[in-house]
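**Q** Compact mmCIF, C-alpha atoms and all ligand atoms, saved as run_9.txt, coming up:
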```
# COMPACT_ATOMS: atom_id res chain seq x y z
CA MET A 35 63.01 39.66 -107.71
CA GLU A 36 64.45 36.41 -106.39
CA PHE A 37 62.26 33.32 -106.63
CA GLU A 38 64.84 30.70 -105.65
CA TRP A 39 65.10 29.25 -102.16
CA SER A 40 68.29 30.25 -100.38
CA ASP A 41 70.96 27.58 -99.89
CA GLU A 42 70.22 27.58 -96.15
CA ASP A 43 66.50 27.07 -96.68
CA GLN A 44 67.11 24.24 -99.14
CA GLN A 45 69.55 22.62 -96.75
CA PHE A 46 67.03 22.98 -93.91
CA ARG A 47 64.30 21.31 -95.99
CA LYS A 48 66.66 18.50 -96.95
CA GLU A 49 67.67 17.79 -93.37
CA LEU A 50 64.10 18.05 -92.15
CA ARG A 51 62.85 15.68 -94.84
CA ALA A 52 65.53 13.14 -93.97
CA PHE A 53 64.51 13.41 -90.31
CA VAL A 54 60.82 13.01 -91.13
CA ASP A 55 61.61 10.05 -93.41
CA ALA A 56 63.48 8.39 -90.58
CA GLU A 57 60.92 9.15 -87.87
CA ILE A 58 57.54 8.81 -89.60
CA PRO A 59 56.97 5.29 -90.91
CA GLU A 60 55.17 4.83 -94.22
CA GLU A 61 52.08 3.45 -92.47
CA TRP A 62 51.71 6.65 -90.40
CA ARG A 63 51.75 8.73 -93.55
CA GLU A 64 48.93 6.82 -95.16
CA HIS A 65 47.06 6.77 -91.84
CA PRO A 66 48.51 9.80 -90.09
CA ILE A 67 48.12 10.61 -86.45
CA HIS A 68 44.89 12.46 -86.25
CA ARG A 69 45.56 16.10 -85.56
CA TYR A 70 43.45 15.56 -82.49
CA PRO A 71 45.22 12.63 -80.81
CA ASP A 72 42.54 10.73 -78.93
CA THR A 73 44.18 7.79 -77.25
CA PRO A 74 47.14 7.70 -74.83
CA ALA A 75 49.10 5.82 -77.52
CA GLU A 76 48.48 8.57 -80.10
CA LEU A 77 49.40 11.25 -77.61
CA ALA A 78 52.60 9.37 -76.73
CA ARG A 79 53.43 9.28 -80.44
CA VAL A 80 52.95 13.06 -80.72
CA CYS A 81 55.08 13.69 -77.62
CA ASP A 82 57.82 11.38 -78.80
CA PHE A 83 57.98 13.09 -82.18
CA THR A 84 57.90 16.66 -80.83
CA ARG A 85 60.56 15.81 -78.24
CA LYS A 86 62.85 14.63 -81.05
CA LEU A 87 62.08 17.80 -83.03
CA ALA A 88 62.81 19.88 -79.94
CA GLU A 89 66.15 18.12 -79.38
CA ARG A 90 67.21 19.50 -82.76
CA SER A 91 65.75 22.97 -81.95
CA TRP A 92 63.24 22.38 -84.73
CA LEU A 93 60.10 22.79 -82.70
CA THR A 94 60.49 26.56 -82.37
CA PRO A 95 63.26 27.38 -84.85
CA HIS A 96 61.98 30.90 -85.58
CA TRP A 97 61.84 31.94 -81.90
CA PRO A 98 64.49 34.26 -80.45
CA LYS A 99 67.52 32.53 -78.94
CA GLU A 100 66.78 33.86 -75.47
CA TYR A 101 63.52 31.88 -75.47
CA GLY A 102 65.00 28.65 -76.81
CA GLY A 103 64.70 29.25 -80.57
CA SER A 104 67.42 29.59 -83.16
CA GLU A 105 66.18 32.78 -84.88
CA ALA A 106 65.57 30.91 -88.12
CA SER A 107 63.93 32.86 -90.93
CA ALA A 108 60.18 33.08 -91.50
CA TRP A 109 60.83 30.90 -94.56
CA GLN A 110 62.27 28.11 -92.44
CA HIS A 111 59.21 28.28 -90.19
CA LEU A 112 57.12 27.80 -93.32
CA VAL A 113 59.29 24.93 -94.56
CA LEU A 114 58.79 23.23 -91.20
CA GLY A 115 55.01 23.59 -91.51
CA GLU A 116 54.97 22.37 -95.13
CA GLU A 117 57.03 19.28 -94.42
CA LEU A 118 54.99 18.35 -91.34
CA TRP A 119 51.60 18.96 -92.95
CA SER A 120 52.61 16.70 -95.79
CA VAL A 121 52.76 13.82 -93.29
CA GLY A 122 49.58 14.71 -91.39
CA GLU A 123 50.93 17.29 -88.88
CA PRO A 124 52.56 14.97 -86.32
CA ARG A 125 52.95 17.85 -83.83
CA GLY A 126 49.27 17.50 -82.85
CA SER A 127 48.12 20.66 -81.10
CA GLN A 128 51.67 21.88 -80.53
CA TYR A 129 51.58 23.96 -83.71
CA MET A 130 49.33 26.37 -81.80
CA SER A 131 51.74 26.90 -78.88
CA VAL A 132 54.61 27.27 -81.31
CA ASN A 133 52.87 29.63 -83.75
CA TRP A 134 51.03 32.05 -81.51
CA ILE A 135 50.55 31.16 -77.83
CA GLY A 136 54.30 31.18 -77.11
CA PRO A 137 54.85 34.40 -79.10
CA ALA A 138 51.94 36.05 -77.23
CA ILE A 139 53.57 35.13 -73.91
CA MET A 140 56.89 36.51 -75.19
CA ALA A 141 55.24 39.79 -76.15
CA PHE A 142 52.93 40.32 -73.18
CA GLY A 143 54.01 37.91 -70.41
CA THR A 144 55.72 38.74 -67.13
CA PRO A 145 59.23 37.29 -66.55
CA GLU A 146 57.65 34.62 -64.28
CA GLN A 147 55.11 33.66 -66.97
CA LYS A 148 57.86 33.42 -69.58
CA ASP A 149 59.90 31.19 -67.24
CA GLU A 150 56.94 28.98 -66.55
CA HIS A 151 55.68 28.46 -70.10
CA LEU A 152 58.22 29.16 -72.83
CA GLY A 153 60.75 26.48 -71.91
CA ARG A 154 58.02 23.84 -71.77
CA ILE A 155 56.80 24.86 -75.22
CA THR A 156 60.29 24.72 -76.78
CA ARG A 157 60.81 21.28 -75.20
CA GLY A 158 57.51 20.04 -76.65
CA GLU A 159 55.98 19.37 -73.24
CA ALA A 160 53.14 21.91 -73.24
CA PHE A 161 49.60 21.31 -74.43
CA TRP A 162 47.26 24.27 -74.79
CA CYS A 163 43.76 24.93 -76.01
CA GLN A 164 42.06 28.12 -77.08
CA GLY A 165 38.94 29.21 -75.19
CA PHE A 166 37.43 31.95 -77.37
CA SER A 167 34.11 30.90 -78.96
CA GLU A 168 30.89 30.82 -76.96
CA PRO A 169 27.41 29.56 -77.82
CA ASP A 170 26.38 33.09 -78.90
CA ALA A 171 29.75 34.46 -79.92
CA GLY A 172 31.57 32.89 -82.89
CA SER A 173 32.23 35.16 -85.86
CA ASP A 174 31.06 38.00 -83.68
CA LEU A 175 33.49 37.16 -80.89
CA VAL A 176 33.17 40.53 -79.15
CA ARG A 177 29.76 39.36 -77.95
CA MET A 178 31.40 36.85 -75.60
CA LYS A 179 30.02 36.89 -72.07
CA THR A 180 32.16 34.58 -69.90
CA ARG A 181 32.65 36.77 -66.88
CA ALA A 182 35.66 37.23 -64.60
CA VAL A 183 35.23 39.24 -61.41
CA ARG A 184 38.27 40.32 -59.42
CA ASP A 185 38.34 39.07 -55.82
CA GLY A 186 41.61 40.08 -54.14
CA ASP A 187 44.48 38.31 -55.89
CA GLU A 188 42.17 36.13 -57.92
CA TYR A 189 39.55 36.31 -60.65
CA VAL A 190 36.37 34.31 -60.24
CA VAL A 191 35.28 33.03 -63.65
CA ASN A 192 31.79 31.90 -64.69
CA GLY A 193 30.50 31.08 -68.15
CA SER A 194 30.94 28.60 -70.96
CA LYS A 195 32.98 28.09 -74.11
CA ILE A 196 32.29 25.92 -77.12
CA TRP A 197 34.12 24.25 -80.03
CA THR A 198 37.29 24.08 -77.95
CA SER A 199 39.76 21.85 -79.78
CA HIS A 200 42.55 19.76 -78.20
CA LEU A 201 40.77 19.21 -74.91
CA PRO A 202 42.07 16.79 -73.74
CA PRO A 203 45.08 16.78 -73.84
CA ALA A 204 45.37 20.53 -73.15
CA GLU A 205 46.50 21.29 -69.62
CA TRP A 206 46.36 25.06 -70.15
CA CYS A 207 43.64 27.17 -71.72
CA PHE A 208 44.26 30.55 -73.36
CA LEU A 209 40.97 31.96 -72.16
CA LEU A 210 39.11 35.14 -73.11
CA VAL A 211 36.95 36.59 -70.34
CA ARG A 212 34.89 39.73 -69.92
CA THR A 213 36.21 41.85 -67.09
CA ASP A 214 34.33 45.08 -67.79
CA PRO A 215 30.75 44.55 -68.93
CA GLU A 216 30.13 48.33 -69.01
CA ALA A 217 32.92 49.12 -71.49
CA ARG A 218 32.53 49.03 -75.28
CA PRO A 219 32.46 45.29 -76.17
CA HIS A 220 36.06 44.93 -77.41
CA LYS A 221 37.42 47.09 -74.57
CA GLY A 222 36.29 44.94 -71.65
CA ILE A 223 38.04 41.66 -72.55
CA THR A 224 41.02 40.10 -70.72
CA VAL A 225 43.23 37.06 -71.39
CA LEU A 226 43.67 34.54 -68.58
CA MET A 227 45.92 31.51 -68.70
CA LEU A 228 43.93 28.86 -66.94
CA ARG A 229 44.88 25.34 -65.89
CA THR A 230 42.30 22.90 -67.18
CA ASP A 231 42.46 20.91 -63.93
CA SER A 232 41.27 23.94 -61.92
CA PRO A 233 38.26 23.21 -59.68
CA GLY A 234 35.09 24.32 -61.50
CA PHE A 235 36.52 23.64 -65.00
CA GLU A 236 34.51 20.93 -66.75
CA SER A 237 34.56 19.83 -70.36
CA ARG A 238 32.39 17.59 -72.48
CA ARG A 239 33.36 16.32 -75.91
CA ILE A 240 31.15 17.06 -78.88
CA PRO A 241 31.05 14.10 -81.31
CA ASN A 242 31.36 15.26 -84.91
CA VAL A 243 32.59 14.22 -88.35
CA ALA A 244 36.00 15.86 -87.90
CA GLY A 245 36.94 13.44 -85.11
CA GLU A 246 35.84 12.75 -81.60
CA GLY A 247 38.59 14.83 -80.01
CA SER A 248 38.22 17.86 -82.22
CA PHE A 249 35.73 19.80 -80.11
CA ALA A 250 34.62 20.14 -76.54
CA GLU A 251 32.21 22.28 -74.64
CA VAL A 252 33.65 23.93 -71.53
CA PHE A 253 31.74 24.94 -68.42
CA LEU A 254 33.33 27.32 -65.93
CA THR A 255 31.74 27.55 -62.49
CA ASP A 256 33.35 29.80 -59.90
CA VAL A 257 36.79 28.96 -61.25
CA ARG A 258 39.43 30.89 -59.28
CA VAL A 259 42.35 32.11 -61.37
CA PRO A 260 45.29 33.91 -59.71
CA VAL A 261 45.82 37.42 -61.09
CA SER A 262 49.40 36.32 -61.77
CA GLN A 263 47.93 34.14 -64.58
CA ARG A 264 46.53 37.15 -66.42
CA LEU A 265 48.35 37.85 -69.70
CA GLY A 266 48.94 41.58 -70.20
CA GLU A 267 46.77 44.27 -68.70
CA GLU A 268 43.18 43.89 -67.59
CA ASN A 269 40.76 44.81 -70.42
CA ASP A 270 43.54 44.71 -73.04
CA GLY A 271 42.71 41.21 -74.27
CA TRP A 272 41.31 42.17 -77.65
CA ARG A 273 44.55 43.90 -78.70
CA ILE A 274 46.63 40.95 -77.43
CA VAL A 275 44.59 38.41 -79.36
CA ARG A 276 44.56 40.45 -82.56
CA GLN A 277 48.31 40.83 -82.44
CA ALA A 278 48.92 37.19 -81.48
CA LEU A 279 46.75 35.83 -84.29
CA GLN A 280 48.03 38.18 -86.98
CA PHE A 281 50.16 35.56 -88.66
CA GLU A 282 48.19 32.52 -87.58
CA ARG A 283 45.94 32.82 -90.63
CA ILE A 284 48.77 31.34 -92.65
CA GLY A 285 50.21 29.29 -89.77
CA SER A 286 49.07 25.93 -91.17
CA PRO A 287 50.26 25.33 -94.76
CA ARG A 288 47.64 22.67 -95.33
CA TYR A 289 47.89 23.06 -99.11
CA GLN A 290 50.82 20.65 -98.78
CA ARG A 291 48.53 17.89 -97.53
CA ALA A 292 45.98 18.81 -100.21
CA GLN A 293 48.69 18.48 -102.85
CA LEU A 294 49.59 14.96 -101.73
CA VAL A 295 45.94 13.93 -101.74
CA LEU A 296 45.60 15.41 -105.22
CA GLU A 297 48.59 13.37 -106.43
CA GLN A 298 47.08 10.21 -104.92
CA THR A 299 43.77 11.04 -106.62
CA GLN A 300 45.45 11.54 -109.96
CA ARG A 301 47.23 8.18 -109.63
CA TYR A 302 43.91 6.53 -108.77
CA ALA A 303 42.30 8.13 -111.85
CA GLN A 304 45.15 6.91 -114.07
CA GLU A 305 45.09 3.38 -112.66
CA HIS A 306 41.32 3.12 -113.11
CA GLY A 307 41.13 4.58 -116.62
CA LEU A 308 39.29 7.69 -115.43
CA MET A 309 41.60 10.18 -117.10
CA GLU A 310 39.68 9.56 -120.33
CA ARG A 311 36.81 11.59 -118.88
CA PRO A 312 37.09 15.33 -119.66
CA GLN A 313 35.22 16.19 -116.45
CA VAL A 314 37.80 14.36 -114.32
CA ARG A 315 40.69 16.07 -116.10
CA LEU A 316 39.01 19.43 -115.65
CA GLN A 317 38.39 18.90 -111.94
CA LEU A 318 41.94 17.69 -111.37
CA ALA A 319 43.34 20.72 -113.19
CA ARG A 320 41.12 23.10 -111.26
CA ALA A 321 42.19 21.56 -107.95
CA ARG A 322 45.86 21.75 -108.98
CA ALA A 323 45.42 25.46 -109.81
CA ALA A 324 43.75 26.05 -106.43
CA VAL A 325 46.63 24.34 -104.57
CA GLU A 326 49.23 26.37 -106.44
CA ALA A 327 47.28 29.60 -105.87
CA ALA A 328 47.13 28.84 -102.15
CA ARG A 329 50.84 28.14 -102.00
CA HIS A 330 51.69 31.39 -103.77
CA MET A 331 49.31 33.46 -101.68
CA VAL A 332 50.82 32.06 -98.48
CA TRP A 333 54.34 32.61 -99.76
CA THR A 334 53.49 36.23 -100.52
CA VAL A 335 52.45 36.73 -96.89
CA VAL A 336 55.55 34.92 -95.61
CA ASP A 337 57.63 37.22 -97.79
CA GLU A 338 56.08 40.22 -96.02
CA ARG A 339 56.90 38.61 -92.72
CA ALA A 340 60.48 37.78 -93.75
CA LYS A 341 60.93 41.44 -94.70
CA GLN A 342 59.45 42.43 -91.32
CA LEU A 343 56.69 44.44 -92.97
CA PRO A 344 53.52 45.01 -90.94
CA ALA A 345 50.94 42.24 -91.41
CA SER A 346 48.64 43.15 -94.30
CA ALA A 347 45.14 42.12 -95.36
CA LEU A 348 46.69 39.69 -97.85
CA ALA A 349 46.73 37.17 -94.99
CA TYR A 350 42.91 36.99 -95.16
CA ALA A 351 43.04 36.27 -98.89
CA ALA A 352 45.77 33.66 -98.33
CA ARG A 353 43.63 31.90 -95.73
CA LEU A 354 40.68 31.85 -98.11
CA SER A 355 42.80 30.36 -100.84
CA VAL A 356 44.00 27.54 -98.55
CA VAL A 357 40.42 26.65 -97.60
CA ARG A 358 39.42 26.76 -101.25
CA ALA A 359 42.28 24.44 -102.24
CA GLU A 360 41.28 21.92 -99.58
CA ARG A 361 37.68 22.01 -100.75
CA GLU A 362 38.55 21.59 -104.45
CA VAL A 363 40.83 18.66 -103.66
CA ALA A 364 38.29 17.04 -101.33
CA GLU A 365 35.63 17.32 -104.02
CA VAL A 366 37.69 15.82 -106.82
CA ALA A 367 39.00 13.06 -104.50
CA VAL A 368 35.44 11.94 -103.73
CA CYS A 369 34.33 12.24 -107.35
CA VAL A 370 37.26 10.13 -108.55
CA ALA A 371 37.79 7.60 -105.77
CA GLY A 372 34.33 7.52 -104.18
CA ARG A 373 34.25 6.08 -100.68
CA ASN A 374 37.97 5.21 -100.90
CA ALA A 375 38.63 8.94 -100.55
CA VAL A 376 37.01 9.08 -97.13
CA ASP A 377 38.25 5.74 -95.87
CA ALA A 378 38.90 5.71 -92.12
CA SER A 379 42.01 7.64 -91.12
CA SER A 380 43.68 8.09 -94.51
CA LEU A 381 45.40 11.32 -95.47
CA SER A 382 42.64 11.87 -98.00
CA ALA A 383 39.94 11.44 -95.33
CA HIS A 384 41.79 13.95 -93.15
CA ASN A 385 41.73 16.45 -95.96
CA TYR A 386 38.07 15.73 -96.70
CA PHE A 387 36.79 16.10 -93.14
CA HIS A 388 38.94 19.12 -92.56
CA ALA A 389 37.60 20.72 -95.74
CA LEU A 390 34.08 20.40 -94.30
CA THR A 391 34.96 22.50 -91.26
CA ALA A 392 37.89 24.59 -92.50
CA GLY A 393 35.59 27.38 -93.60
CA LEU A 394 34.58 27.93 -89.97
CA ALA A 395 37.65 27.23 -87.83
CA ALA A 396 39.80 30.28 -87.06
CA GLY A 397 37.28 32.67 -88.58
CA SER A 398 34.61 31.77 -91.14
CA TYR A 399 35.15 31.82 -94.90
CA GLU A 400 32.36 34.35 -95.45
CA VAL A 401 33.65 36.72 -92.76
CA ASN A 402 37.10 36.51 -94.35
CA LEU A 403 35.52 37.31 -97.72
CA ASN A 404 33.98 40.41 -96.14
CA LEU A 405 37.40 41.44 -94.83
CA VAL A 406 39.02 40.91 -98.22
CA SER A 407 36.32 42.97 -99.91
CA THR A 408 36.75 45.94 -97.60
CA MET A 409 40.42 45.81 -96.63
CA LEU A 410 41.98 44.52 -99.83
CA LEU A 411 39.56 45.55 -102.57
CA GLY A 412 38.43 48.78 -100.91
CA LEU A 413 34.72 48.02 -101.37
CA PRO A 414 32.29 49.70 -98.99
CA LYS A 415 31.06 47.68 -96.00
CA GLY A 416 27.95 45.64 -96.75
CA ALA A 417 28.47 45.97 -100.56
C1 LIG A 501 37.42 22.54 -86.66
C2 LIG A 501 37.11 23.70 -85.75
C3 LIG A 501 37.90 23.94 -84.67
C4 LIG A 501 37.61 25.01 -83.79
N1 LIG A 501 38.40 25.19 -82.70
C5 LIG A 501 38.13 26.20 -81.86
C6 LIG A 501 38.92 26.39 -80.67
O1 LIG A 501 39.86 25.63 -80.41
N2 LIG A 501 38.61 27.40 -79.84
C7 LIG A 501 37.58 28.27 -80.11
O2 LIG A 501 37.39 29.20 -79.32
N3 LIG A 501 36.79 28.12 -81.19
C8 LIG A 501 37.05 27.11 -82.08
N4 LIG A 501 36.25 26.92 -83.18
C9 LIG A 501 35.08 27.77 -83.38
C10 LIG A 501 35.24 28.75 -84.52
O3 LIG A 501 36.14 29.78 -84.18
C11 LIG A 501 33.82 29.26 -84.84
O4 LIG A 501 33.12 28.17 -85.40
C12 LIG A 501 33.84 30.40 -85.82
O5 LIG A 501 34.37 31.56 -85.23
C13 LIG A 501 32.42 30.70 -86.37
O6 LIG A 501 31.54 30.90 -85.30
P1 LIG A 501 30.15 30.09 -85.20
O7 LIG A 501 30.44 28.63 -85.29
O8 LIG A 501 29.45 30.60 -83.99
O9 LIG A 501 29.34 30.46 -86.50
P2 LIG A 501 28.59 31.83 -86.79
O10 LIG A 501 29.46 32.97 -86.42
O11 LIG A 501 27.24 31.75 -86.17
O12 LIG A 501 28.44 31.75 -88.34
C14 LIG A 501 27.50 30.86 -88.98
C15 LIG A 501 27.54 31.14 -90.47
O13 LIG A 501 27.15 32.50 -90.71
C16 LIG A 501 28.16 33.14 -91.48
N5 LIG A 501 28.33 34.52 -91.04
C17 LIG A 501 28.46 34.97 -89.76
N6 LIG A 501 28.66 36.30 -89.74
C18 LIG A 501 28.67 36.71 -91.04
C19 LIG A 501 28.84 37.98 -91.67
N7 LIG A 501 29.06 39.09 -90.97
N8 LIG A 501 28.80 38.01 -93.03
C20 LIG A 501 28.59 36.89 -93.77
N9 LIG A 501 28.43 35.66 -93.22
C21 LIG A 501 28.47 35.57 -91.87
C22 LIG A 501 29.42 32.36 -91.22
O14 LIG A 501 30.33 32.47 -92.29
C23 LIG A 501 28.91 30.95 -91.08
O15 LIG A 501 28.80 30.34 -92.33
C24 LIG A 501 36.50 25.86 -84.06
C25 LIG A 501 35.69 25.62 -85.17
C26 LIG A 501 35.98 24.55 -86.01
C27 LIG A 501 35.07 24.32 -87.18
```
Go ahead and render the structure in this file as structure tokens.
**A**
Amino acid sequence: MEFEWSDEDQQFRKELRAFVDAEIPEEWREHPIHRYPDTPAELARVCDFTRKLAERSWLTPHWPKEYGGSEASAWQHLVLGEELWSVGEPRGSQYMSVNWIGPAIMAFGTPEQKDEHLGRITRGEAFWCQGFSEPDAGSDLVRMKTRAVRDGDEYVVNGSKIWTSHLPPAEWCFLLVRTDPEARPHKGITVLMLRTDSPGFESRRIPNVAGEGSFAEVFLTDVRVPVSQRLGEENDGWRIVRQALQFERIGSPRYQRAQLVLEQTQRYAQEHGLMERPQVRLQLARARAAVEAARHMVWTVVDERAKQLPASALAYAARLSVVRAEREVAEVAVCVAGRNAVDASSLSAHNYFHALTAGLAAGSYEVNLNLVSTMLLGLPKGA
């Protein structure tokens, strides 16, 4: 077994770190761009950074060359995520296009769709959002009802979505619609790629602790979507989404941000004489163990990917361990530093607010626990 990073991976991390050091000023690290850029200035900052990444082919390094990538290893994709999460994820929502929306278009898109979207993603120009959840369909997504009815060369879409992140600035929505209400629930779903400036598309932000721009509600009234904007076959959406999201569970190595916050917390405890308290030492140690466990779980899944093995249920366990690490770190940060830990837009506050919602976003913690119990531990359903 080989635990060392390869020379290429180490070199990649070194170059990337030098680039990040040059491009991300110290002040941005302490008060990073919110992952949900709200103002035109924040958005401009994200675009400027991703354009510079793209110029070095570092926005989509793991993509095939024919689609603008450089066929870098799964490890280099991870290194990219780790380095960027440690400075507050300055790609904004672009991580989503890079990690799974682009790859879904590569796998299921028509040549015209690939031409239209993939180049814009590799150049860092595309902003997408994900329109899956509905008021009555979250964990149980197959209950979604947003309806699309074929009318000639178009679909007419009616319904609503909720908790849609990155809207604005998203100009495209990766939208799940029900095209066959008579079929078994997961058989009647289709993916449409919808422009968010289409007539009949309205959104309303939902204020919340994770940041004003983190969620929106979407209302779709007689929105006409050309059939040419359908991804894959009609009623094949469930398979497309499952395949596209397979690796997304480990797509955000947020344990890297948690680790930095933990180091800051430890420094705070040392500077304020709090290390004398056994409870503080215990909490810090527990959080450190959680961060390391998350890192190793994610690396195990990346190793499967690097070896081109089929995605396994370990990805669910890895996702759980990342959420757990964020929660442990958030808890000890607040216990040690009090309100300083949730001060405005600090890295620590980012970790804290994210930890509050991380157990829901991209599939809830409890539902993931169920999956681990049945798929990984072999326990009977409902045990
Ligand atoms: C920060 C954030 C960003 C998001 N961004 C998006 C986005 O961009 N696009 C999008 O479509 N959606 C998005 N979501 C929505 C997210 O996918 C849903 O919140 C999630 O799927 C859970 O659905 P729900 O909120 O309806 O909760 P529910 O499914 O109603 O769950 C409520 C609670 O019940 C528990 N529960 C549910 N079923 C079970 C079960 N079978 N066993 C045990 N416990 C269960 C859950 O764990 C949870 O604690 C986002 C959510 C968050 C928090």
**Q** Return as a ChimeraX atom specification the residues of protein, DNA or RNA that approach ligand LIG 501 (chain A) to within 10 Å, with all atoms listed in the file taken into account.
**A** /A:127,130,162-175,195-201,207-210,242-245,248-251,387-405,416
**Q** For a test of reading the model, state the distance in Å between atom CA of Val261 of chain A and atom CA of Ile223 of chain A, rounded to one decimal.
**A**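 For atom CA of Val261 of chain A relative to atom CA of Ile223 of chain A, the distance reads 14.5 Å.
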**Q** Using all atoms listed in the file, which residue out of A:Glu310, A:Leu296, A:Pro344, A:Val376 lies closest to Glu362 of chain A?
**A**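 When distances to Glu362 of chain A are compared using all atoms listed in the file, the smallest one comes from A:Leu296.
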**Q** Nearest to Glu89 of chain A: which of A:Gly103, A:Pro137, A:Pro215, A:Pro241 is it, counting all atoms listed in the file?
**A**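 Closest candidate: A:Gly103.
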**Q** Centre and edge lengths of an axis-aligned box around all listed atoms of segment 169-178 of chain A, with 8 Å added on each side, are to be given in Å to one decimal, as JSON.
**A**
```
{"center_x": 29.9, "center_y": 35.0, "center_z": -80.7, "size_x": 23.1, "size_y": 27.0, "size_z": 26.3}
```
**Q** Per residue of segment 130-166 of chain A within 12 Å of segment 227-233 of chain A, what are the shortest atom pair and its distance in Å to one decimal, counting all atoms listed in the file, with rows by chain and residue number, as a Markdown table?
**A**
```
| residue | atom | partner | partner_atom | distance |
| --- | --- | --- | --- | --- |
| A:Ile135 | CA | A:Met227 | CA | 10.2 |
| A:Gly136 | CA | A:Met227 | CA | 11.9 |
| A:Ala138 | CA | A:Met227 | CA | 11.4 |
| A:Ile139 | CA | A:Met227 | CA | 9.9 |
| A:Gly143 | CA | A:Met227 | CA | 10.5 |
| A:Gln147 | CA | A:Met227 | CA | 9.6 |
| A:Glu150 | CA | A:Met227 | CA | 11.5 |
| A:His151 | CA | A:Met227 | CA | 10.3 |
| A:Ala160 | CA | A:Arg229 | CA | 11.6 |
| A:Phe161 | CA | A:Thr230 | CA | 10.4 |
| A:Trp162 | CA | A:Thr230 | CA | 9.2 |
| A:Cys163 | CA | A:Thr230 | CA | 9.2 |
| A:Gln164 | CA | A:Met227 | CA | 9.8 |
| A:Gly165 | CA | A:Leu228 | CA | 9.6 |
```
**Q** When you count only C-alpha atoms, which of these residues is closest to Arg212 of chain A: A:Glu360, A:Asp270, A:Asp256, A:Glu38?
**A**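 Using only C-alpha atoms, Arg212 of chain A sits closest to A:Asp270.
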**Q** For a test of reading the model, state the distance in Å between atom CA of Pro312 of chain A and atom CA of Tyr386 of chain A, rounded to one decimal.
**A**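 Distance between the two atoms: 23.0 Å.
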**Q** May I have the residues at most 12 Å from (61.3, 7.4, -87.9) in the file's coordinates, counting all atoms listed in the file, as an mmCIF file with C-alpha atoms, in the frame of the given file?
**A**
```cif
data_model
loop_
_atom_site.group_PDB
_atom_site.id
_atom_site.type_symbol
_atom_site.label_atom_id
_atom_site.label_comp_id
_atom_site.auth_asym_id
_atom_site.auth_seq_id
_atom_site.Cartn_x
_atom_site.Cartn_y
_atom_site.Cartn_z
ATOM 1 C CA LEU A 50 64.100 18.050 -92.150
ATOM 2 C CA ARG A 51 62.850 15.680 -94.840
ATOM 3 C CA ALA A 52 65.530 13.140 -93.970
ATOM 4 C CA PHE A 53 64.510 13.410 -90.310
ATOM 5 C CA VAL A 54 60.820 13.010 -91.130
ATOM 6 C CA ASP A 55 61.610 10.050 -93.410
ATOM 7 C CA ALA A 56 63.480 8.390 -90.580
ATOM 8 C CA GLU A 57 60.920 9.150 -87.870
ATOM 9 C CA ILE A 58 57.540 8.810 -89.600
ATOM 10 C CA PRO A 59 56.970 5.290 -90.910
ATOM 11 C CA GLU A 60 55.170 4.830 -94.220
ATOM 12 C CA GLU A 61 52.080 3.450 -92.470
ATOM 13 C CA TRP A 62 51.710 6.650 -90.400
ATOM 14 C CA ARG A 63 51.750 8.730 -93.550
ATOM 15 C CA ARG A 79 53.430 9.280 -80.440
ATOM 16 C CA ASP A 82 57.820 11.380 -78.800
ATOM 17 C CA PHE A 83 57.980 13.090 -82.180
ATOM 18 C CA LYS A 86 62.850 14.630 -81.050
ATOM 19 C CA LEU A 87 62.080 17.800 -83.030
ATOM 20 C CA VAL A 121 52.760 13.820 -93.290
ATOM 21 C CA PRO A 124 52.560 14.970 -86.320
#
```
**Q** Ranking A:Arg157, A:Ile274, A:Val113, A:Glu236 by minimum distance to Gln45 of chain A and counting only C-alpha atoms, which one comes first?
**A**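 The shortest atom-to-atom distance to Gln45 of chain A comes from A:Val113.
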**Q** Report as a ChimeraX atom specification all protein, DNA and RNA residues lying within 10 Å of Met409 of chain A, evaluated on only C-alpha atoms, omitting residues in the same chain fewer than 5 positions from it.
**A** /A:346-348,350,403-404,414-415
**Q** Please provide the set of residues having any atom within 8 Å of Arg329 of chain A, restricted to all atoms listed in the file, with same-chain residues fewer than 5 positions apart removed, written as a count of residues only.
**A** 3
**Q** For a test of reading the model, state the distance in Å between atom CA of Ser107 of chain A and atom CA of Glu159 of chain A, rounded to one decimal.
**A**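 Distance between the two atoms: 23.6 Å.
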**Q** Tell me which of A:Val370, A:Glu216, A:Val295, A:Thr144 sits closest to Gly266 of chain A, counting all atoms listed in the file.
**A**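 Between A:Val370, A:Glu216, A:Val295, A:Thr144, the residue approaching Gly266 of chain A most closely is A:Thr144.
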**Q** Go through A:Asp187, A:Val132, A:Ala371, A:Arg47 and flag the residue nearest Leu308 of chain A, using only C-alpha atoms for the distances.
**A**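 Using only C-alpha atoms, Leu308 of chain A sits closest to A:Ala371.
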**Q** In file coordinates, which residues lie within 12 Å of (49.0, 27.9, -107.5) using only C-alpha atoms, given as a ChimeraX atom specification?
**A** /A:289-290,293,319-334,352,355-356,358-359
**Q** Which neighbours of Asp41 of chain A fall inside 12 Å, counting all atoms listed in the file, when residues of the same chain fewer than 5 positions from it are skipped, and could you give them as a list in words?
**A**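 The filter keeps Phe46, Arg47, Lys48, Trp109 and Gln110 of chain A.
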